[in-house]
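Trainee: What follows is upload_27.txt, compact mmCIF, C-alpha atoms.
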```
# COMPACT_ATOMS: atom_id res chain seq x y z
CA MET F 277 84.54 118.23 123.87
CA GLU F 278 85.95 121.51 122.50
CA THR F 279 89.56 122.23 123.45
CA ASP F 280 92.51 124.27 122.22
CA SER F 281 94.95 121.61 123.42
CA ILE F 282 96.84 119.80 120.66
CA LEU F 283 97.09 116.59 122.67
CA LEU F 284 93.56 116.60 124.09
CA SER F 285 92.11 117.29 120.65
CA ALA F 286 93.95 114.25 119.28
CA PHE F 287 92.93 112.23 122.33
CA ASP F 288 89.24 113.10 121.92
CA GLU F 289 89.22 112.54 118.17
CA ARG F 290 90.88 109.14 118.37
CA TRP F 291 88.68 107.94 121.20
CA LYS F 292 85.57 109.08 119.31
CA LYS F 293 86.61 107.28 116.12
CA PHE F 294 87.54 104.14 118.01
CA ARG F 295 84.13 103.98 119.72
CA ALA F 296 82.35 104.53 116.40
CA GLN F 297 84.27 101.72 114.69
CA HIS F 298 83.81 99.37 117.64
CA LYS F 299 80.07 99.99 117.43
CA ALA F 300 80.11 99.44 113.66
CA CYS F 301 81.82 96.07 114.13
CA ARG F 302 79.27 95.01 116.71
CA MET F 303 76.47 95.87 114.29
CA GLU F 304 77.98 94.43 111.11
CA PHE F 305 81.23 92.47 111.16
CA THR F 306 82.52 93.13 107.63
CA ASP F 307 86.09 93.15 106.30
CA GLU F 308 85.94 96.92 105.99
CA ALA F 309 84.63 97.37 109.53
CA VAL F 310 87.40 95.13 110.90
CA HIS F 311 90.02 97.08 108.95
CA ASP F 312 88.76 100.41 110.27
CA LEU F 313 88.67 99.10 113.84
CA ARG F 314 92.30 98.02 113.56
CA VAL F 315 93.31 101.44 112.24
CA THR F 316 91.48 103.39 114.95
CA SER F 317 92.78 100.99 117.63
CA ARG F 318 96.36 101.67 116.65
CA ARG F 319 95.92 105.40 116.67
CA LEU F 320 94.23 105.30 120.06
CA LEU F 321 97.07 103.11 121.30
CA ALA F 322 99.56 105.70 120.05
CA VAL F 323 97.97 108.56 121.98
CA LEU F 324 97.84 106.36 125.08
CA GLY F 325 101.54 105.67 124.58
CA LEU F 326 102.18 109.39 124.80
CA ALA F 327 99.92 109.59 127.85
CA LYS F 328 102.03 106.88 129.51
CA VAL F 329 105.06 109.18 129.29
CA LEU F 330 103.25 112.31 130.49
CA VAL F 331 101.10 110.80 133.26
CA PRO F 332 102.63 107.39 134.14
CA HIS F 333 99.70 105.85 135.98
CA PRO F 334 98.67 102.15 136.14
CA ARG F 335 95.32 102.98 134.53
CA VAL F 336 97.15 104.07 131.37
CA ARG F 337 98.98 100.76 131.21
CA LYS F 338 95.73 98.86 131.74
CA ALA F 339 93.94 100.83 129.02
CA ARG F 340 96.80 100.09 126.63
CA GLN F 341 96.58 96.39 127.48
CA ILE F 342 92.88 96.36 126.62
CA ILE F 343 93.49 98.00 123.24
CA LYS F 344 96.45 95.74 122.51
CA GLN F 345 94.30 92.69 123.18
CA MET F 346 91.67 93.94 120.75
CA ILE F 347 94.34 94.32 118.08
CA GLU F 348 95.76 90.91 118.96
CA ASP F 349 92.34 89.31 118.50
CA LEU F 350 92.29 90.53 114.88
CA ASN F 351 95.92 89.99 113.88
CA GLU F 352 95.70 86.48 112.49
CA LEU F 353 92.46 87.31 110.71
CA ARG F 354 94.19 90.20 108.98
CA ASP F 355 97.10 87.98 107.93
CA VAL F 356 94.79 85.33 106.52
CA GLN F 357 92.85 87.90 104.51
CA VAL F 358 96.05 89.34 103.03
CA MET F 359 97.28 85.86 102.13
CA LEU F 360 93.96 85.06 100.46
CA VAL F 361 94.47 88.06 98.20
CA GLU F 362 98.00 86.88 97.42
CA THR F 363 96.92 83.32 96.60
CA SER F 364 94.06 84.51 94.40
CA GLU F 365 96.41 86.71 92.40
CA ASN F 366 98.93 83.93 91.78
CA ILE F 367 96.92 80.71 91.78
CA GLU F 368 96.82 80.35 87.98
CA MET F 369 100.60 80.59 87.82
CA MET F 370 101.04 78.27 90.81
CA PRO F 371 98.12 75.81 91.03
CA GLU F 372 99.77 74.12 94.01
CA LEU F 373 98.38 77.04 96.00
CA LYS F 374 94.79 75.78 95.58
CA PRO F 375 94.76 73.55 98.69
CA PHE F 376 96.37 76.36 100.67
CA ARG F 377 93.69 78.80 99.55
CA LYS F 378 90.98 76.35 100.58
CA PHE F 379 92.62 76.05 103.99
CA LEU F 380 92.84 79.85 104.33
CA LYS F 381 89.16 80.30 103.49
CA LYS F 382 88.16 77.87 106.22
CA ARG F 383 90.56 79.54 108.61
CA GLU F 384 89.15 82.97 107.77
CA ALA F 385 85.57 81.87 108.45
CA LYS F 386 86.58 80.41 111.82
CA LEU F 387 88.52 83.51 112.82
CA MET F 388 85.69 85.81 111.73
CA ARG F 389 83.22 83.96 113.95
CA ALA F 390 85.57 83.99 116.94
CA ALA F 391 86.49 87.67 116.56
CA TYR F 392 82.86 88.74 116.16
CA LYS F 393 81.89 86.77 119.27
CA ARG F 394 84.60 88.50 121.32
CA ILE F 395 83.60 91.96 120.12
CA LYS F 396 79.93 91.30 120.86
CA GLN F 397 80.73 90.04 124.34
CA ASN F 398 83.25 92.72 125.28
CA GLY F 399 81.79 96.17 125.71
CA LEU F 400 83.66 99.39 126.36
CA SER F 401 82.35 100.31 129.82
CA GLU F 402 85.57 99.51 131.69
CA LEU F 403 87.75 101.12 129.04
CA SER F 404 85.52 104.20 128.90
CA LYS F 405 85.98 104.84 132.61
CA ARG F 406 89.74 104.55 132.32
CA ILE F 407 89.84 106.80 129.26
CA GLY F 408 87.84 109.47 131.07
CA LYS F 409 90.20 109.46 134.04
CA ILE F 410 93.27 109.48 131.78
CA ARG F 411 91.92 112.53 129.97
CA GLU F 412 91.36 114.33 133.26
CA SER F 413 94.94 113.57 134.29
CA LEU F 414 96.30 114.85 130.99
CA GLU F 415 94.28 118.05 131.27
CA LYS F 416 95.55 118.69 134.79
CA GLU F 417 99.12 117.93 133.74
CA GLU F 418 98.91 120.35 130.83
CA GLN F 419 97.49 123.12 133.01
CA ALA F 420 100.23 122.59 135.59
CA SER F 421 103.12 122.40 133.12
CA PRO F 422 104.17 125.65 131.38
CA GLN F 423 106.37 123.64 129.00
CA PHE F 424 103.81 120.97 128.13
CA ASN F 425 104.08 121.46 124.36
CA GLU F 426 107.86 121.27 124.59
CA ARG F 427 107.45 117.90 126.26
CA LEU F 428 105.31 116.74 123.34
CA LEU F 429 108.01 117.81 120.90
CA GLU F 430 110.60 116.10 123.07
CA ALA F 431 108.64 112.86 122.80
CA ALA F 432 108.63 113.17 119.01
CA HIS F 433 112.37 113.80 118.96
CA ASN F 434 112.96 110.76 121.18
CA ALA F 435 110.83 108.61 118.89
CA TYR F 436 112.78 109.86 115.89
CA ALA F 437 116.06 109.11 117.68
CA LEU F 438 114.88 105.52 118.11
CA ALA F 439 114.07 105.31 114.41
CA GLU F 440 117.56 106.60 113.59
CA GLN F 441 119.04 104.04 115.95
CA ALA F 442 117.08 101.20 114.35
CA TYR F 443 118.06 102.52 110.92
CA GLY F 444 121.71 102.16 111.83
CA GLN F 445 121.14 98.49 112.63
CA VAL F 446 119.41 97.57 109.36
CA ASP F 447 120.97 94.55 107.64
CA PRO F 448 119.45 93.42 104.31
CA LEU F 449 120.39 89.84 105.19
CA GLN F 450 118.40 90.07 108.44
CA ALA F 451 114.79 90.99 107.67
CA SER F 452 114.10 91.22 111.40
CA SER F 453 116.27 94.35 111.49
CA ILE F 454 113.97 95.97 108.91
CA HIS F 455 110.97 95.00 111.01
CA ARG F 456 112.50 96.68 114.05
CA LEU F 457 112.96 99.86 112.05
CA ARG F 458 109.34 99.61 110.93
CA LEU F 459 108.13 99.42 114.53
CA ALA F 460 110.23 102.37 115.67
CA PHE F 461 109.30 104.40 112.61
CA LYS F 462 105.62 103.68 113.01
CA LYS F 463 105.67 104.99 116.57
CA PHE F 464 107.37 108.16 115.35
CA ARG F 465 104.86 108.54 112.52
CA TYR F 466 101.82 108.26 114.79
CA LEU F 467 103.34 110.77 117.21
CA VAL F 468 103.96 113.28 114.43
CA GLU F 469 100.37 112.92 113.27
CA MET F 470 99.33 114.22 116.68
CA ILE F 471 101.83 116.97 117.44
CA HIS F 472 102.76 118.34 114.00
CA PRO F 473 100.72 121.57 114.54
CA LEU F 474 103.43 122.53 117.05
CA VAL F 475 106.05 122.52 114.28
CA LYS F 476 106.13 125.68 112.20
CA ASP F 477 105.72 125.06 108.46
CA PHE F 478 105.56 121.31 108.86
CA PRO F 479 105.26 119.82 105.33
CA ILE F 480 101.92 118.03 105.24
CA GLY F 481 103.16 115.97 102.29
CA ASN F 482 105.37 114.13 104.77
CA PHE F 483 102.37 112.10 105.93
CA GLU F 484 101.85 110.42 102.57
CA ASN F 485 105.59 109.90 102.17
CA MET F 486 105.85 108.36 105.63
CA HIS F 487 102.93 106.07 104.79
CA LYS F 488 104.73 104.87 101.67
CA TYR F 489 108.01 104.43 103.51
CA GLN F 490 106.36 102.34 106.20
CA GLY F 491 104.46 100.42 103.51
CA MET F 492 107.69 99.25 101.89
CA MET F 493 108.73 97.64 105.17
CA GLY F 494 105.26 96.21 105.73
CA ASN F 495 105.34 94.53 102.32
CA ILE F 496 108.52 92.73 103.35
CA GLN F 497 106.80 91.50 106.51
CA ASP F 498 103.79 90.26 104.54
CA ALA F 499 105.99 88.39 102.06
CA GLU F 500 107.76 86.62 104.93
CA VAL F 501 104.50 85.73 106.65
CA PHE F 502 103.08 84.31 103.41
CA LEU F 503 106.06 82.03 102.71
CA ASN F 504 106.33 80.85 106.31
CA SER F 505 102.60 80.18 106.49
CA PHE F 506 102.59 78.22 103.24
CA LEU F 507 105.52 76.05 104.32
CA GLU F 508 103.92 75.53 107.73
CA TYR F 509 100.66 74.48 106.08
CA VAL F 510 102.42 71.99 103.79
CA LYS F 511 104.37 70.48 106.66
CA GLU F 512 101.29 69.96 108.84
CA HIS F 513 98.52 69.31 106.31
CA SER F 514 99.90 68.44 102.89
CA PRO F 515 103.47 67.05 103.03
CA GLN F 516 103.15 65.63 99.51
CA THR F 517 102.83 69.13 97.99
CA ASP F 518 105.77 70.31 95.87
CA THR F 519 106.90 73.61 97.38
CA GLU F 520 109.71 74.49 94.97
CA ASN F 521 107.81 76.87 92.66
CA VAL F 522 106.11 78.74 95.47
CA THR F 523 109.32 78.98 97.48
CA GLN F 524 111.29 80.32 94.52
CA PHE F 525 108.57 82.84 93.71
CA CYS F 526 108.30 84.08 97.30
CA ASN F 527 112.05 84.30 97.81
CA ALA F 528 112.47 86.26 94.57
CA ARG F 529 109.70 88.66 95.57
CA LEU F 530 111.11 89.06 99.06
CA LYS F 531 114.55 89.81 97.64
CA SER F 532 113.07 92.39 95.26
CA LEU F 533 111.18 94.10 98.08
CA ILE F 534 114.28 94.25 100.27
CA VAL F 535 116.41 95.65 97.42
CA ASP F 536 113.76 98.29 96.74
CA PHE F 537 113.67 99.27 100.39
CA MET F 538 117.45 99.39 100.77
CA GLU F 539 117.66 101.74 97.80
CA ASN F 540 115.26 104.11 99.56
CA LYS F 541 115.88 103.53 103.25
CA GLY F 542 117.69 106.88 103.66
CA GLU F 543 114.39 108.68 103.15
CA VAL F 544 113.90 108.34 106.90
CA PHE F 545 116.16 111.40 107.23
CA THR F 546 113.78 113.61 105.26
CA PHE F 547 110.87 113.38 107.69
CA TRP F 548 112.12 115.32 110.73
CA ASN F 549 114.43 118.26 110.02
CA PHE F 550 113.61 120.27 113.10
CA ASP F 551 115.73 121.39 116.02
CA LYS F 552 115.21 119.65 119.32
CA PRO F 553 113.84 121.95 122.05
CA GLN F 554 116.23 122.47 124.95
CA ASN F 555 115.38 123.45 128.48
CA GLU F 556 117.85 125.87 130.04
CA GLU F 557 119.35 123.19 132.25
CA HIS F 558 119.80 120.83 129.29
CA LYS F 559 121.05 123.14 126.58
CA ASN F 560 124.68 122.07 126.98
CA GLU F 561 123.87 118.38 126.57
CA SER F 562 124.74 116.55 123.36
CA LEU F 563 121.79 115.93 121.08
CA HIS F 564 121.23 113.17 118.55
CA HIS F 565 122.13 114.10 114.98
CA THR F 566 119.35 115.66 112.93
CA SER F 567 118.57 114.44 109.44
CA ARG F 568 120.53 117.35 107.99
CA ASN F 569 123.63 116.12 109.79
CA ARG F 570 123.11 112.47 108.96
CA SER F 571 121.97 112.66 105.34
CA GLY F 572 124.11 115.49 104.04
CA GLY F 573 121.06 117.38 102.84
CA ARG F 574 119.80 114.54 100.61
CA LYS F 575 116.10 114.58 99.94
CA PRO F 576 115.46 111.56 97.72
CA LYS F 577 112.04 111.12 96.26
CA VAL F 578 109.86 108.64 98.09
CA ARG F 579 109.05 105.56 96.12
CA GLY F 580 105.89 103.77 97.02
CA GLY F 581 107.13 100.21 96.50
CA GLN F 582 104.36 97.63 96.36
CA PRO F 583 100.85 98.86 97.24
CA ALA F 584 99.79 98.10 100.80
CA PRO F 585 97.51 95.07 100.70
CA ALA F 586 94.11 94.68 102.32
CA ASP F 587 94.29 95.84 105.92
CA ARG F 588 97.32 98.09 105.77
CA LYS F 589 96.05 101.07 103.80
CA GLY F 590 97.66 103.93 105.70
CA GLU F 591 98.58 102.21 108.88
CA GLY F 592 101.13 99.41 108.92
CA GLN F 593 101.19 96.23 110.89
CA ASP F 594 101.90 95.72 114.58
CA GLU F 595 103.78 92.47 114.85
CA GLU F 596 107.48 92.24 114.28
CA ASN F 597 107.36 88.59 113.32
CA ARG F 598 104.42 86.26 113.09
CA PRO F 599 105.82 83.06 111.58
CA GLY F 600 102.56 81.88 110.05
CA VAL F 601 98.81 81.53 110.35
CA MET F 602 99.30 79.61 113.58
CA GLY F 603 101.72 82.21 115.02
CA ASP F 604 101.13 83.63 118.48
CA GLY F 605 101.10 87.23 117.28
CA ASN F 606 102.29 88.72 120.55
CA THR F 607 101.73 92.48 120.53
CA ASP F 608 103.34 93.41 123.82
CA GLY F 609 106.67 94.76 122.63
CA PRO F 610 109.58 96.82 123.91
CA ASP F 611 109.08 100.19 125.53
CA LEU F 612 109.83 102.59 122.72
CA GLU F 613 109.36 105.74 124.75
CA GLN F 614 113.04 106.07 125.66
CA PRO F 615 116.04 106.01 123.32
CA GLY F 616 118.16 102.90 123.61
CA SER F 617 115.30 100.37 123.59
CA THR F 618 114.73 98.73 120.22
CA GLY F 619 113.83 95.21 121.21
CA ASN F 620 115.93 92.13 121.73
CA GLY F 621 116.39 91.22 118.11
CA ASP F 622 114.88 87.77 118.38
CA GLY F 623 111.89 88.53 116.20
CA LYS F 624 109.42 88.19 119.05
CA ASN F 625 109.12 91.74 120.29
CA THR F 626 106.39 93.81 118.78
CA GLY F 627 105.37 97.42 118.54
CA GLU F 628 102.43 99.70 118.31
```
Here is a file; write its structure as structure tokens.

Mentor:
Amino acid sequence: METDSILLSAFDERWKKFRAQHKACRMEFTDEAVHDLRVTSRRLLAVLGLAKVLVPHPRVRKARQIIKQMIEDLNELRDVQVMLVETSENIEMMPELKPFRKFLKKREAKLMRAAYKRIKQNGLSELSKRIGKIRESLEKEEQASPQFNERLLEAAHNAYALAEQAYGQVDPLQASSIHRLRLAFKKFRYLVEMIHPLVKDFPIGNFENMHKYQGMMGNIQDAEVFLNSFLEYVKEHSPQTDTENVTQFCNARLKSLIVDFMENKGEVFTFWNFDKPQNEEHKNESLHHTSRNRSGGRKPKVRGGQPAPADRKGEGQDEENRPGVMGDGNTDGPDLEQPGSTGNGDGKNTGE
């Protein structure tokens, strides 16, 4: 559907891509198709998150729950596939990983069958009806609101404020604090992807840099999941396995990834150097500090860190902390729409 609306264009494009990838998975359930479905699901979830702020209706919440469940159904599969890549790359150096790789392959096959069955059984008829009504509500809201675009920018500023807040709580000794920043930053990134045409002279290169920045944090999450999953496997299935070499290797890699991120974490202040719009009645209120105020004008070069493995090319992971391949992978996290909500810090809250 042709439209000049920034939000409705993003809404239509993301819904179209999601439907196409859902259909592709139903026809042929390949690793690539699963990856693409996860990516399009997240981006659709992001635009529905913005819709929840603009038109807070129960149908928006229900649509988000449906999408979240689809992502949840594929989370463990994604983790297993990433860990299979990791074990294959290091198995010659650490042969004690061979039983773990065998376990992961069996687990992958089981998860693939279960996920494919769910996708085949669950159509999109219910979701399609809700999406259509949500779009109608957004169109009416935009037509009735003369400052609709300002509200979109306000949402982006609020998301960035949350990222700044999470940044201030980062502790290299607490990896969960880095995960909370990743969740807040990811929400901001997906919002900017939608509304950046409203920002004059927005640097398109920011998208690649934001991808790399998020990827550094995602690599830390993957390293933690791998070590926890291996130790969990040994405890439950192979207690005689010597874990020392693998543990030392994983801890050293995790430390290196965290050091690399901490050296570059201030790059978050280079992604949003734009003034916050103020309505007349709000122009005397205090605003959060912009990146110019917080970073002193620094614009460090983005370093890519480790390449994003398998399923996280350009998108980042949802879960704040999945302890292993038997983790619950809860995806229903804190409400990140309003500043001041960054999760409870227990490693169980998740984001979009």

Trainee: Compare F:Ile342, F:Leu330, F:Ala528, F:Val310 by their minimum atom-to-atom distance to Gln357 of chain F, counting all atoms listed in the file, and give me the closest one.

Mentor: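 For Gln357 of chain F, the nearest of the candidates is F:Val310.
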
Trainee: What gap, in Å, lies between atom CA of Glu362 of chain F and atom CA of Arg389 of chain F?

Mentor: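 Distance reported for this atom pair: 22.4 Å.
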
Trainee: Using only C-alpha atoms - which residues lie no farther than 9 Å from the point (108.7, 117.8, 120.1) in the file's frame? Write them as number ranges by chain.

Mentor: F: 425-434, 468, 471-472, 474-475, 550-553

Trainee: For the atom pair atom CA of Ser401 of chain F and atom CA of Asp307 of chain F, what is the interatomic distance in Å to one decimal place?

Mentor: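 Computing the Euclidean distance for atom CA of Ser401 of chain F and atom CA of Asp307 of chain F yields 24.9 Å.
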
Trainee: Counting only C-alpha atoms, I want the residues whose atoms come within 12 Å of (94.1, 115.1, 125.3) in the file frame, returned as a PDB file with C-alpha atoms, in the frame of the given file.

Mentor:
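See out.pdb below for the written result:
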```
ATOM      1  CA  MET F 277      84.540 118.230 123.870  1.00  0.00           C
ATOM      2  CA  GLU F 278      85.950 121.510 122.500  1.00  0.00           C
ATOM      3  CA  THR F 279      89.560 122.230 123.450  1.00  0.00           C
ATOM      4  CA  ASP F 280      92.510 124.270 122.220  1.00  0.00           C
ATOM      5  CA  SER F 281      94.950 121.610 123.420  1.00  0.00           C
ATOM      6  CA  ILE F 282      96.840 119.800 120.660  1.00  0.00           C
ATOM      7  CA  LEU F 283      97.090 116.590 122.670  1.00  0.00           C
ATOM      8  CA  LEU F 284      93.560 116.600 124.090  1.00  0.00           C
ATOM      9  CA  SER F 285      92.110 117.290 120.650  1.00  0.00           C
ATOM     10  CA  ALA F 286      93.950 114.250 119.280  1.00  0.00           C
ATOM     11  CA  PHE F 287      92.930 112.230 122.330  1.00  0.00           C
ATOM     12  CA  ASP F 288      89.240 113.100 121.920  1.00  0.00           C
ATOM     13  CA  GLU F 289      89.220 112.540 118.170  1.00  0.00           C
ATOM     14  CA  ARG F 290      90.880 109.140 118.370  1.00  0.00           C
ATOM     15  CA  TRP F 291      88.680 107.940 121.200  1.00  0.00           C
ATOM     16  CA  LEU F 320      94.230 105.300 120.060  1.00  0.00           C
ATOM     17  CA  VAL F 323      97.970 108.560 121.980  1.00  0.00           C
ATOM     18  CA  LEU F 324      97.840 106.360 125.080  1.00  0.00           C
ATOM     19  CA  LEU F 326     102.180 109.390 124.800  1.00  0.00           C
ATOM     20  CA  ALA F 327      99.920 109.590 127.850  1.00  0.00           C
ATOM     21  CA  LEU F 330     103.250 112.310 130.490  1.00  0.00           C
ATOM     22  CA  VAL F 331     101.100 110.800 133.260  1.00  0.00           C
ATOM     23  CA  ILE F 407      89.840 106.800 129.260  1.00  0.00           C
ATOM     24  CA  GLY F 408      87.840 109.470 131.070  1.00  0.00           C
ATOM     25  CA  LYS F 409      90.200 109.460 134.040  1.00  0.00           C
ATOM     26  CA  ILE F 410      93.270 109.480 131.780  1.00  0.00           C
ATOM     27  CA  ARG F 411      91.920 112.530 129.970  1.00  0.00           C
ATOM     28  CA  GLU F 412      91.360 114.330 133.260  1.00  0.00           C
ATOM     29  CA  SER F 413      94.940 113.570 134.290  1.00  0.00           C
ATOM     30  CA  LEU F 414      96.300 114.850 130.990  1.00  0.00           C
ATOM     31  CA  GLU F 415      94.280 118.050 131.270  1.00  0.00           C
ATOM     32  CA  LYS F 416      95.550 118.690 134.790  1.00  0.00           C
ATOM     33  CA  GLU F 417      99.120 117.930 133.740  1.00  0.00           C
ATOM     34  CA  GLU F 418      98.910 120.350 130.830  1.00  0.00           C
ATOM     35  CA  GLN F 419      97.490 123.120 133.010  1.00  0.00           C
ATOM     36  CA  PHE F 424     103.810 120.970 128.130  1.00  0.00           C
ATOM     37  CA  ASN F 425     104.080 121.460 124.360  1.00  0.00           C
ATOM     38  CA  LEU F 428     105.310 116.740 123.340  1.00  0.00           C
ATOM     39  CA  MET F 470      99.330 114.220 116.680  1.00  0.00           C
ATOM     40  CA  ILE F 471     101.830 116.970 117.440  1.00  0.00           C
TER      41      ILE F 471
END
```

Trainee: Quick one: which segment 495-564 of chain F residues come within 10 Å of segment 440-443 of chain F, and what is the nearest atom pair for each with the distance in Å to one decimal, counting only C-alpha atoms, rows ordered by chain and ascending number, as a tab-separated table?

Mentor:
```
residue	atom	partner	partner_atom	distance
F:Lys541	CA	F:Tyr443	CA	8.0
F:Gly542	CA	F:Tyr443	CA	8.5
F:Val544	CA	F:Glu440	CA	7.8
F:Phe545	CA	F:Glu440	CA	8.1
F:His564	CA	F:Glu440	CA	9.0
```

Trainee: One decimal, in Å: what's the spacing between atom CA of Pro334 of chain F and atom CA of Leu403 of chain F?

Mentor: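 Atom CA of Leu403 of chain F lies at a distance of 13.1 Å from atom CA of Pro334 of chain F.
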
Trainee: Closest to Arg354 of chain F among F:Leu321, F:Glu372, F:Asp447, F:Asp498, using only C-alpha atoms?

Mentor: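 Of the candidates, the smallest distance to Arg354 of chain F is held by F:Asp498.
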
Trainee: Measuring between all atoms listed in the file, which one of F:Gln497, F:Asn366, F:Ser453, F:Gln445 shows the shortest distance to Asn521 of chain F?

Mentor: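 Among the listed residues, the smallest separation from Asn521 of chain F belongs to F:Asn366.
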
Trainee: From the list F:Ala385, F:Met486, F:Val522, F:Leu380, which residue is nearest Ala499 of chain F when using all atoms listed in the file?

Mentor: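 The closest residue to Ala499 of chain F is F:Val522.
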
Trainee: Can you work out which one of F:Val356, F:Val329, F:Leu400, F:Leu373 has the shortest atom-to-atom distance to Phe294 of chain F, counting only C-alpha atoms?

Mentor: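 The answer is F:Leu400, which sits nearest to Phe294 of chain F.
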
Trainee: Which one is closest to Val510 of chain F: F:Lys374, F:Leu387, F:Ser404, F:Cys526? Count all atoms listed in the file.

Mentor: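 The shortest atom-to-atom distance to Val510 of chain F comes from F:Lys374.
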
Trainee: If we count only C-alpha atoms and set the cut-off at 10 Å, which residues sit around Met346 of chain F, ignoring sequence neighbours fewer than 5 positions away in its own chain? Please answer as number ranges by chain.

Mentor: F: 313-314, 317-318, 340-341, 351, 391, 394-395, 398

Trainee: Can those selected residues be exported to a file as an mmCIF file, keeping the file's coordinate frame so that it contains C-alpha atoms?

Mentor:
```
data_model
loop_
_atom_site.group_PDB
_atom_site.id
_atom_site.type_symbol
_atom_site.label_atom_id
_atom_site.label_comp_id
_atom_site.auth_asym_id
_atom_site.auth_seq_id
_atom_site.Cartn_x
_atom_site.Cartn_y
_atom_site.Cartn_z
ATOM 1 C CA LEU F 313 88.670 99.100 113.840
ATOM 2 C CA ARG F 314 92.300 98.020 113.560
ATOM 3 C CA SER F 317 92.780 100.990 117.630
ATOM 4 C CA ARG F 318 96.360 101.670 116.650
ATOM 5 C CA ARG F 340 96.800 100.090 126.630
ATOM 6 C CA GLN F 341 96.580 96.390 127.480
ATOM 7 C CA ASN F 351 95.920 89.990 113.880
ATOM 8 C CA ALA F 391 86.490 87.670 116.560
ATOM 9 C CA ARG F 394 84.600 88.500 121.320
ATOM 10 C CA ILE F 395 83.600 91.960 120.120
ATOM 11 C CA ASN F 398 83.250 92.720 125.280
#
```
